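Dropping coords00.txt in here (compact mmCIF, C-alpha atoms and all ligand atoms):
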# COMPACT_ATOMS: atom_id res chain seq x y z
CA MET A 1 4.98 14.75 -22.22
CA ASN A 2 2.14 16.38 -24.13
CA GLU A 3 0.23 18.63 -21.73
CA ASN A 4 -2.82 18.56 -24.04
CA LEU A 5 -3.50 15.11 -22.56
CA TRP A 6 -4.86 16.77 -19.40
CA ASN A 7 -4.99 20.56 -19.99
CA ASP A 8 -8.76 20.61 -20.67
CA LEU A 9 -9.59 18.30 -17.71
CA ASP A 10 -10.52 19.05 -14.13
CA VAL A 11 -7.16 17.98 -12.70
CA GLU A 12 -4.15 19.40 -10.91
CA ALA A 13 -0.89 18.49 -12.65
CA THR A 14 2.77 18.92 -11.69
CA LEU A 15 5.50 18.28 -14.24
CA ASP A 16 8.73 16.59 -13.17
CA ALA A 17 7.18 15.87 -9.78
CA PRO A 18 9.43 14.73 -6.88
CA ILE A 19 7.32 11.73 -5.96
CA GLY A 20 10.08 10.02 -3.94
CA ALA A 21 9.61 12.77 -1.37
CA LEU A 22 5.93 11.74 -1.06
CA THR A 23 6.79 8.21 0.07
CA TRP A 24 7.50 7.22 3.67
CA TYR A 25 11.17 6.97 2.74
CA LYS A 26 11.03 10.66 1.77
CA SER A 27 13.68 9.91 -0.84
CA GLY A 28 13.82 8.82 -4.47
CA GLY A 29 13.26 10.17 -7.95
CA HIS A 30 10.72 12.11 -9.97
CA ALA A 31 7.76 11.26 -12.20
CA GLU A 32 7.27 12.94 -15.57
CA VAL A 33 3.94 14.20 -14.33
CA LEU A 34 1.89 13.85 -11.14
CA ILE A 35 -1.85 14.27 -11.62
CA SER A 36 -4.63 14.69 -9.05
CA PRO A 37 -8.02 14.38 -10.75
CA ARG A 38 -10.92 16.27 -9.20
CA SER A 39 -13.64 14.03 -10.61
CA VAL A 40 -14.19 10.42 -11.67
CA GLU A 41 -14.96 11.65 -15.20
CA ALA A 42 -11.61 13.44 -15.44
CA LEU A 43 -9.83 10.29 -14.25
CA GLN A 44 -11.80 8.22 -16.76
CA THR A 45 -10.76 10.46 -19.67
CA LEU A 46 -7.16 10.50 -18.46
CA CYS A 47 -7.08 6.69 -18.39
CA GLN A 48 -8.44 6.51 -21.93
CA ARG A 49 -5.99 9.09 -23.31
CA PHE A 50 -2.92 7.65 -21.59
CA HIS A 51 -3.94 4.16 -22.68
CA GLU A 52 -4.37 5.25 -26.31
CA SER A 53 -1.02 7.08 -26.23
CA ASP A 54 0.66 4.06 -24.65
CA ILE A 55 1.91 6.11 -21.71
CA PRO A 56 2.36 4.22 -18.44
CA MET A 57 0.15 5.30 -15.57
CA ARG A 58 0.83 4.42 -11.94
CA VAL A 59 -1.18 5.15 -8.82
CA LEU A 60 0.42 6.62 -5.73
CA GLY A 61 -1.40 5.82 -2.50
CA SER A 62 0.10 6.99 0.77
CA GLY A 63 3.58 5.86 -0.34
CA ALA A 64 3.89 3.62 2.71
CA ASN A 65 4.84 0.42 0.90
CA LEU A 66 6.66 1.99 -2.01
CA LEU A 67 10.22 2.84 -2.93
CA VAL A 68 10.86 5.13 -5.91
CA ALA A 69 14.40 4.47 -7.20
CA ASP A 70 16.61 7.53 -7.58
CA ASP A 71 16.20 7.54 -11.38
CA GLY A 72 12.42 8.02 -11.02
CA VAL A 73 9.79 6.82 -13.50
CA ASP A 74 8.50 7.62 -16.97
CA GLY A 75 4.87 8.39 -17.57
CA ALA A 76 2.16 9.63 -15.28
CA VAL A 77 1.53 9.08 -11.62
CA VAL A 78 -2.01 9.59 -10.39
CA ARG A 79 -2.95 10.50 -6.85
CA LEU A 80 -6.52 10.19 -5.59
CA ASN A 81 -6.17 12.85 -2.91
CA HIS A 82 -9.11 15.01 -3.93
CA SER A 83 -12.12 14.82 -1.58
CA ILE A 84 -14.27 13.11 -4.23
CA PHE A 85 -12.09 10.00 -3.82
CA GLN A 86 -12.13 10.15 -0.02
CA GLU A 87 -15.83 9.89 0.70
CA ALA A 88 -17.37 7.36 3.07
CA HIS A 89 -21.05 6.48 2.52
CA TRP A 90 -21.91 5.62 6.13
CA HIS A 91 -25.65 5.99 5.45
CA GLU A 92 -25.58 2.81 3.32
CA LEU A 93 -25.26 0.82 6.55
CA ASP A 94 -28.73 1.95 7.66
CA HIS A 95 -30.12 0.18 4.61
CA GLY A 96 -28.15 -3.01 5.29
CA HIS A 97 -25.70 -2.39 2.43
CA PRO A 98 -21.91 -2.57 2.55
CA THR A 99 -20.25 0.80 3.16
CA ARG A 100 -18.65 2.49 0.15
CA ILE A 101 -15.28 4.07 0.94
CA GLY A 102 -13.31 6.09 -1.60
CA ALA A 103 -9.95 4.62 -2.61
CA GLY A 104 -8.02 7.74 -1.57
CA THR A 105 -9.27 7.52 2.04
CA ASP A 106 -6.59 7.16 4.71
CA LEU A 107 -6.84 3.69 6.29
CA MET A 108 -5.64 4.70 9.77
CA ALA A 109 -8.24 7.49 9.92
CA LEU A 110 -10.91 5.07 8.67
CA VAL A 111 -10.05 2.49 11.35
CA GLN A 112 -10.43 5.21 14.00
CA GLU A 113 -13.66 6.58 12.54
CA SER A 114 -15.31 3.16 12.24
CA ALA A 115 -14.30 2.34 15.84
CA ARG A 116 -15.77 5.66 16.96
CA ARG A 117 -19.02 4.74 15.23
CA GLY A 118 -19.04 1.29 16.89
CA LEU A 119 -18.53 -0.55 13.61
CA SER A 120 -16.43 -3.69 13.46
CA GLY A 121 -14.58 -5.12 10.44
CA LEU A 122 -11.44 -2.99 10.26
CA SER A 123 -9.83 -3.04 13.72
CA GLN A 124 -7.36 -5.75 12.59
CA LEU A 125 -5.79 -3.08 10.37
CA ALA A 126 -4.98 -0.59 13.14
CA GLY A 127 -1.67 1.18 12.68
CA ILE A 128 -1.18 0.21 9.03
CA PRO A 129 -0.37 3.28 6.94
CA ALA A 130 -2.16 3.06 3.58
CA THR A 131 -4.92 4.44 1.44
CA ILE A 132 -7.89 2.13 0.88
CA GLY A 133 -6.82 1.53 -2.73
CA GLY A 134 -3.32 0.55 -1.60
CA ALA A 135 -4.66 -1.70 1.16
CA ILE A 136 -6.81 -3.54 -1.39
CA ARG A 137 -4.01 -3.89 -3.93
CA MET A 138 -1.60 -5.36 -1.30
CA ASN A 139 -4.25 -7.03 0.84
CA ALA A 140 -2.60 -5.17 3.70
CA GLY A 141 -2.67 -6.86 7.06
CA GLY A 142 -0.70 -8.63 9.74
CA SER A 143 -1.11 -11.32 12.35
CA TYR A 144 -4.47 -9.91 13.46
CA GLY A 145 -6.05 -10.22 10.02
CA ASP A 146 -6.10 -8.58 6.62
CA THR A 147 -8.10 -6.22 4.43
CA ALA A 148 -9.77 -8.97 2.42
CA GLN A 149 -11.75 -10.29 5.37
CA SER A 150 -14.20 -7.40 5.26
CA VAL A 151 -14.20 -6.43 1.58
CA HIS A 152 -17.50 -6.99 -0.18
CA SER A 153 -16.58 -5.58 -3.60
CA ILE A 154 -14.54 -2.92 -5.34
CA GLU A 155 -15.03 -0.36 -8.12
CA LEU A 156 -12.28 -0.48 -10.71
CA LEU A 157 -11.60 1.93 -13.52
CA THR A 158 -10.01 -0.19 -16.22
CA THR A 159 -7.06 1.06 -18.27
CA ASN A 160 -9.40 2.01 -21.09
CA GLY A 161 -11.60 4.01 -18.76
CA GLU A 162 -14.44 1.56 -18.19
CA LEU A 163 -16.00 1.42 -14.70
CA ARG A 164 -16.40 -2.13 -13.34
CA ARG A 165 -17.78 -3.44 -10.04
CA MET A 166 -16.00 -6.61 -8.91
CA ASP A 167 -16.97 -8.92 -6.06
CA ALA A 168 -14.26 -9.82 -3.55
CA ALA A 169 -14.47 -13.49 -4.57
CA LYS A 170 -13.22 -12.54 -8.06
CA LEU A 171 -10.10 -10.92 -6.62
CA ASP A 172 -8.55 -14.13 -5.31
CA PHE A 173 -7.26 -12.45 -2.16
CA GLY A 174 -4.42 -14.26 -0.40
CA TYR A 175 -1.45 -13.45 1.80
CA ARG A 176 -0.41 -9.97 0.60
CA HIS A 177 -2.01 -10.83 -2.70
CA CYS A 178 -4.91 -9.55 -4.79
CA ALA A 179 -5.52 -10.56 -8.41
CA LEU A 180 -6.46 -7.05 -9.41
CA PRO A 181 -6.88 -6.53 -13.15
CA ASP A 182 -4.98 -3.57 -14.65
CA GLY A 183 -6.67 -0.33 -13.71
CA ILE A 184 -7.31 1.94 -10.78
CA VAL A 185 -9.42 1.06 -7.74
CA ILE A 186 -11.63 4.06 -7.09
CA ALA A 187 -13.65 2.71 -4.15
CA ALA A 188 -14.21 -0.36 -2.02
CA HIS A 189 -17.38 -1.58 -0.33
CA PHE A 190 -16.82 -3.01 3.15
CA ASN A 191 -18.97 -5.29 5.25
CA LEU A 192 -19.02 -3.40 8.55
CA ARG A 193 -21.24 -4.40 11.47
CA ALA A 194 -22.63 -2.48 14.42
CA ASP A 195 -20.89 -3.94 17.46
CA ASP A 196 -19.74 -3.14 20.98
CA ALA A 197 -17.80 0.14 20.61
CA VAL A 198 -15.78 -0.43 23.80
CA GLN A 199 -14.59 -3.82 22.56
CA ILE A 200 -13.71 -2.49 19.11
CA ARG A 201 -11.68 0.34 20.59
CA ALA A 202 -9.89 -2.08 22.91
CA HIS A 203 -9.01 -4.28 19.92
CA VAL A 204 -7.73 -1.31 17.91
CA LYS A 205 -5.55 -0.39 20.88
CA GLU A 206 -4.21 -3.94 21.27
CA VAL A 207 -3.27 -4.25 17.58
CA PHE A 208 -1.64 -0.82 17.59
CA GLU A 209 0.27 -1.42 20.83
CA TYR A 210 1.69 -4.68 19.44
CA LYS A 211 3.06 -2.84 16.41
CA LYS A 212 4.48 -0.09 18.58
CA ARG A 213 6.21 -2.62 20.82
CA THR A 214 7.71 -4.77 18.06
CA GLN A 215 8.30 -2.39 15.13
CA PRO A 216 10.43 0.73 14.59
CA MET A 217 7.46 2.97 13.81
CA ALA A 218 9.44 6.20 14.10
CA ASP A 219 12.00 5.23 11.43
CA ARG A 220 11.60 6.23 7.79
CA SER A 221 10.76 2.88 6.20
CA ALA A 222 8.19 1.10 4.05
CA GLY A 223 7.18 -1.39 6.76
CA CYS A 224 8.25 -4.97 6.09
CA MET A 225 10.57 -5.16 3.07
CA PHE A 226 9.93 -8.86 2.37
CA LYS A 227 6.93 -11.18 2.52
CA ASN A 228 6.98 -13.94 5.09
CA PRO A 229 8.13 -16.97 3.06
CA ILE A 230 6.83 -20.49 3.35
CA ASP A 231 9.48 -22.59 5.07
CA PRO A 232 9.79 -25.71 2.86
CA SER A 233 10.70 -27.87 5.85
CA THR A 234 7.47 -27.10 7.74
CA GLY A 235 5.14 -25.86 4.98
CA LYS A 236 4.32 -22.90 7.24
CA ARG A 237 4.98 -19.20 6.86
CA GLU A 238 8.07 -18.08 8.70
CA SER A 239 8.75 -14.49 9.78
CA ALA A 240 11.14 -12.93 7.27
CA GLY A 241 12.23 -10.63 10.12
CA ARG A 242 13.29 -13.61 12.19
CA LEU A 243 15.23 -15.12 9.25
CA ILE A 244 17.01 -11.79 8.69
CA ASP A 245 17.75 -11.62 12.39
CA LEU A 246 19.14 -15.19 12.41
CA ALA A 247 21.28 -14.36 9.38
CA GLY A 248 22.97 -11.68 11.49
CA MET A 249 21.83 -8.75 9.38
CA LYS A 250 20.38 -6.50 12.08
CA GLY A 251 22.23 -3.20 12.23
CA LYS A 252 23.93 -3.72 8.83
CA SER A 253 23.92 -0.66 6.58
CA VAL A 254 24.59 0.65 3.09
CA GLY A 255 24.92 4.44 2.80
CA GLY A 256 22.02 5.89 4.76
CA ALA A 257 20.02 2.63 4.80
CA PHE A 258 20.12 0.28 7.78
CA VAL A 259 18.45 -2.92 8.97
CA SER A 260 16.42 -2.10 12.06
CA GLU A 261 17.65 -3.50 15.37
CA ARG A 262 14.06 -3.77 16.54
CA HIS A 263 12.65 -5.78 13.62
CA GLY A 264 14.87 -7.35 10.96
CA ASN A 265 12.34 -6.94 8.14
CA PHE A 266 12.39 -3.15 8.38
CA ILE A 267 14.99 -1.23 6.39
CA GLY A 268 15.22 2.32 7.68
CA LEU A 269 16.72 5.31 5.89
CA LEU A 270 18.48 8.23 7.56
CA ALA A 271 17.63 11.77 6.47
CA GLY A 272 19.71 12.53 3.38
CA GLY A 273 20.03 8.79 2.51
CA ARG A 274 19.30 7.64 -1.05
CA ALA A 275 16.50 5.35 -2.19
CA ASN A 276 19.14 3.30 -4.00
CA ASP A 277 20.90 2.66 -0.65
CA VAL A 278 17.75 0.86 0.44
CA LEU A 279 17.73 -1.20 -2.75
CA ALA A 280 21.37 -2.19 -2.35
CA LEU A 281 20.85 -3.19 1.28
CA ALA A 282 17.68 -5.15 0.48
CA PHE A 283 19.68 -7.06 -2.10
CA ASP A 284 22.40 -7.87 0.47
CA VAL A 285 19.77 -9.02 2.98
CA GLN A 286 18.18 -11.29 0.40
CA GLN A 287 21.56 -12.86 -0.44
CA ARG A 288 22.56 -13.37 3.19
CA VAL A 289 19.26 -15.02 4.09
CA LEU A 290 19.56 -17.30 1.08
CA ASP A 291 23.10 -18.27 2.10
CA HIS A 292 22.14 -18.73 5.74
CA SER A 293 18.80 -20.54 5.54
CA GLY A 294 18.41 -21.54 1.88
CA ILE A 295 15.20 -19.50 1.72
CA GLN A 296 14.67 -16.97 -1.08
CA LEU A 297 12.88 -13.91 0.24
CA GLU A 298 10.35 -12.24 -2.01
CA ARG A 299 9.94 -8.50 -1.84
CA GLU A 300 6.75 -7.03 -0.39
CA VAL A 301 7.61 -3.37 -0.95
CA VAL A 302 6.70 -2.14 -4.42
CA ILE A 303 9.62 -0.64 -6.34
CA TRP A 304 9.22 1.89 -9.12
CA SER A 305 12.28 2.30 -11.29
CA GLN A 306 13.32 2.92 -14.90
CA ARG A 307 14.81 -0.56 -14.96
CA GLY A 308 11.63 -2.34 -13.90
CA ASP A 309 11.88 -4.75 -10.98
CA VAL A 310 15.25 -4.56 -9.33
CA LEU A 311 15.19 -7.36 -6.79
N1 LIG A 401 11.23 -12.00 15.16
C1 LIG A 401 12.56 -12.09 15.46
N2 LIG A 401 13.41 -11.13 15.02
C2 LIG A 401 12.97 -10.06 14.28
C3 LIG A 401 11.61 -9.95 13.96
C4 LIG A 401 10.74 -10.93 14.42
O1 LIG A 401 12.98 -13.04 16.10
O2 LIG A 401 13.80 -9.22 13.91
C5 LIG A 401 10.30 -13.01 15.69
C6 LIG A 401 9.35 -12.41 16.71
O3 LIG A 401 9.94 -12.39 17.99
C7 LIG A 401 8.15 -13.32 16.62
C8 LIG A 401 8.14 -13.75 15.16
O4 LIG A 401 9.44 -13.47 14.65
O5 LIG A 401 8.34 -14.46 17.42
C9 LIG A 401 7.10 -13.00 14.36
O6 LIG A 401 7.35 -11.59 14.43
P1 LIG A 401 6.19 -10.49 14.30
O7 LIG A 401 5.09 -10.77 15.26
O8 LIG A 401 6.83 -9.15 14.34
O9 LIG A 401 5.54 -10.77 12.89
P2 LIG A 401 6.16 -10.83 11.47
O10 LIG A 401 5.72 -12.11 10.87
O11 LIG A 401 7.62 -10.55 11.45
C10 LIG A 401 4.07 -9.79 10.32
C11 LIG A 401 3.85 -8.85 9.17
C12 LIG A 401 3.85 -7.40 9.65
C13 LIG A 401 2.81 -7.23 10.73
C14 LIG A 401 3.16 -8.18 11.89
C15 LIG A 401 2.21 -8.08 13.06
C16 LIG A 401 4.76 -9.70 7.09
C17 LIG A 401 5.90 -9.65 6.13
N3 LIG A 401 4.91 -8.98 8.18
O12 LIG A 401 5.43 -9.62 10.75
O13 LIG A 401 3.49 -6.61 8.51
O14 LIG A 401 2.75 -5.89 11.18
O15 LIG A 401 3.14 -9.53 11.37
O16 LIG A 401 0.91 -8.32 12.67
O17 LIG A 401 3.76 -10.36 6.82
C18 LIG A 401 4.22 -5.25 6.71
O18 LIG A 401 3.70 -6.07 5.97
O19 LIG A 401 4.74 -4.20 6.28
C19 LIG A 401 4.25 -5.52 8.13
C20 LIG A 401 4.93 -4.78 8.97
What do you get writing this file as structure tokens?
Amino acid sequence: MNENLWNDLDVEATLDAPIGALTWYKSGGHAEVLISPRSVEALQTLCQRFHESDIPMRVLGSGANLLVADDGVDGAVVRLNHSIFQEAHWHELDHGHPTRIGAGTDLMALVQESARRGLSGLSQLAGIPATIGGAIRMNAGGSYGDTAQSVHSIELLTTNGELRRMDAAKLDFGYRHCALPDGIVIAAHFNLRADDAVQIRAHVKEVFEYKKRTQPMADRSAGCMFKNPIDPSTGKRESAGRLIDLAGMKGKSVGGAFVSERHGNFIGLLAGGRANDVLALAFDVQQRVLDHSGIQLEREVVIWSQRGDVL
């Protein structure tokens, strides 16, 4: 990789970066280069140069819904972990505007901070590990609600470095879906409302306690591996975890990867286990559920690999 692509820019760059270690699985391969821009302008120039040179560019959020295969990835990985991408413009609320939050902001910290300020709109997302950019891209959520319900608009840096503001309606949000054009989300504007702080905090606690009770939060995992599929016989979404459970896959393992006994849709990884163990086990789970219930599970976790999509 030609270092002149970023040498003159205000960025921090690491060659042959072990990005697998930055995911919640703490396992997996390297990226050719990992870049943390320190300004929007630097990111803009990077996008233009990588686009012109036809070099793939991926964005790493908090690595909570991502598996990097052991062979790693070509191209550049960008991380918006500089403070310029983690700002929250709380003052905009005083003027009746949506609140601008930088895409690199930690969602769990934001949920806590907005509850502390007595602002409602995000408590349904308590306990979900993500950056704001990642939460938008996946429309992160659960049974209490999703990210889309309070998004007003986003700021997107397109692959050729153009800055665009897009209204939520244009993003066609759906269940774990967002029709995001190619590019990098650099901020989102949320509709937050002043509300009863005690009630908001109680809701945050309820959502978090439910996760703690039903999910293996201490395991190394990427949350739910599969999306909840629509059961053709009822037309309703069925819990993938329940289907995996019914297919008898709880406790099954490949290498260091294992299906959680607490929630079937979580694939944990023991320390020292390989990212590819998770992939192999996810494939087995998918097959067994198909054989058992006739339902094809679709992956929710994003997989980066030299071979493209693996499942
Ligand atoms: N169930 C089982 N066995 C299992 C898992 C679940 O029988 O192994 C049953 C439960 O007892 C319950 C039903 O299935 O009756 C639904 O389970 P749960 O409430 O845990 O919800 P889920 O549909 O499995 C979804 C999201 C989670 C989110 C929870 C709670 C998906 C794929 N999963 O799980 O999201 O936290 O609701 O809001 O949409 C994630 O996306 O990473 C994730 C963890």
With distances taken over all atoms listed in the file, which of A:Ile186, A:Met57, A:Ala135, A:Ile200 is nearest to ligand LIG 401 (chain A)?
-> A:Ala135
Expected residue set, 9 Å radius at (-10.9, 16.9, -11.2), all atoms listed in the file, as an MDAnalysis selection string | chainID A and resid 9:12 36:43 82 84
For the point (2.3, 16.0, -11.4) in file coordinates, what residues are within 8 Å, counting all atoms listed in the file? Give the answer as a CSV table (one decimal) with C-alpha atoms, in the frame of the given file?
chain,number,residue,atom,x,y,z
A,12,GLU,CA,-4.2,19.4,-10.9
A,13,ALA,CA,-0.9,18.5,-12.6
A,14,THR,CA,2.8,18.9,-11.7
A,15,LEU,CA,5.5,18.3,-14.2
A,16,ASP,CA,8.7,16.6,-13.2
A,17,ALA,CA,7.2,15.9,-9.8
A,31,ALA,CA,7.8,11.3,-12.2
A,32,GLU,CA,7.3,12.9,-15.6
A,33,VAL,CA,3.9,14.2,-14.3
A,34,LEU,CA,1.9,13.8,-11.1
A,35,ILE,CA,-1.8,14.3,-11.6
A,36,SER,CA,-4.6,14.7,-9.0
A,76,ALA,CA,2.2,9.6,-15.3
A,77,VAL,CA,1.5,9.1,-11.6
A,78,VAL,CA,-2.0,9.6,-10.4
Residue nearest ligand LIG 401 (chain A) among A:Asn4, A:Ser27, A:Asn228, A:Gln306 (counting all atoms listed in the file) | A:Asn228
May I ask which of the residues A:Asn2, A:Thr234, A:Thr99, A:Gln44 is the closest one to Arg164 in chain A, counting only C-alpha atoms?
->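 Looking only at the distances to Arg164 in chain A, the closest residue turns out to be A:Gln44.
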Test item: axis-aligned box, all listed atoms of ligand LIG 401 (chain A), 4 Å on each side, centre and edges in Å rounded to one decimal, as lines of an AutoDock Vina configuration file:
center_x = 7.4
center_y = -9.3
center_z = 12.0
size_x = 20.9
size_y = 18.3
size_z = 20.0
Using all atoms listed in the file, determine which residues lie at most 12 Å from range 215-221 of chain A, disregarding the query and same-chain residues fewer than 6 positions distant; provide the list as a PyMOL selection string.
-> chain A and resi 21-27+63-67+127-129+207-209+241+256-275+278+301
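Taking all atoms listed in the file into account, the residues that come within 6 Å of ligand LIG 401 (chain A) are Gly142, Ser143, Tyr144, Thr214, Gly223, Cys224, Phe226, Lys227, Asn228, Ser239, Ala240, Gly241, Arg242, Asp245, His263 and Gly264 of chain A.
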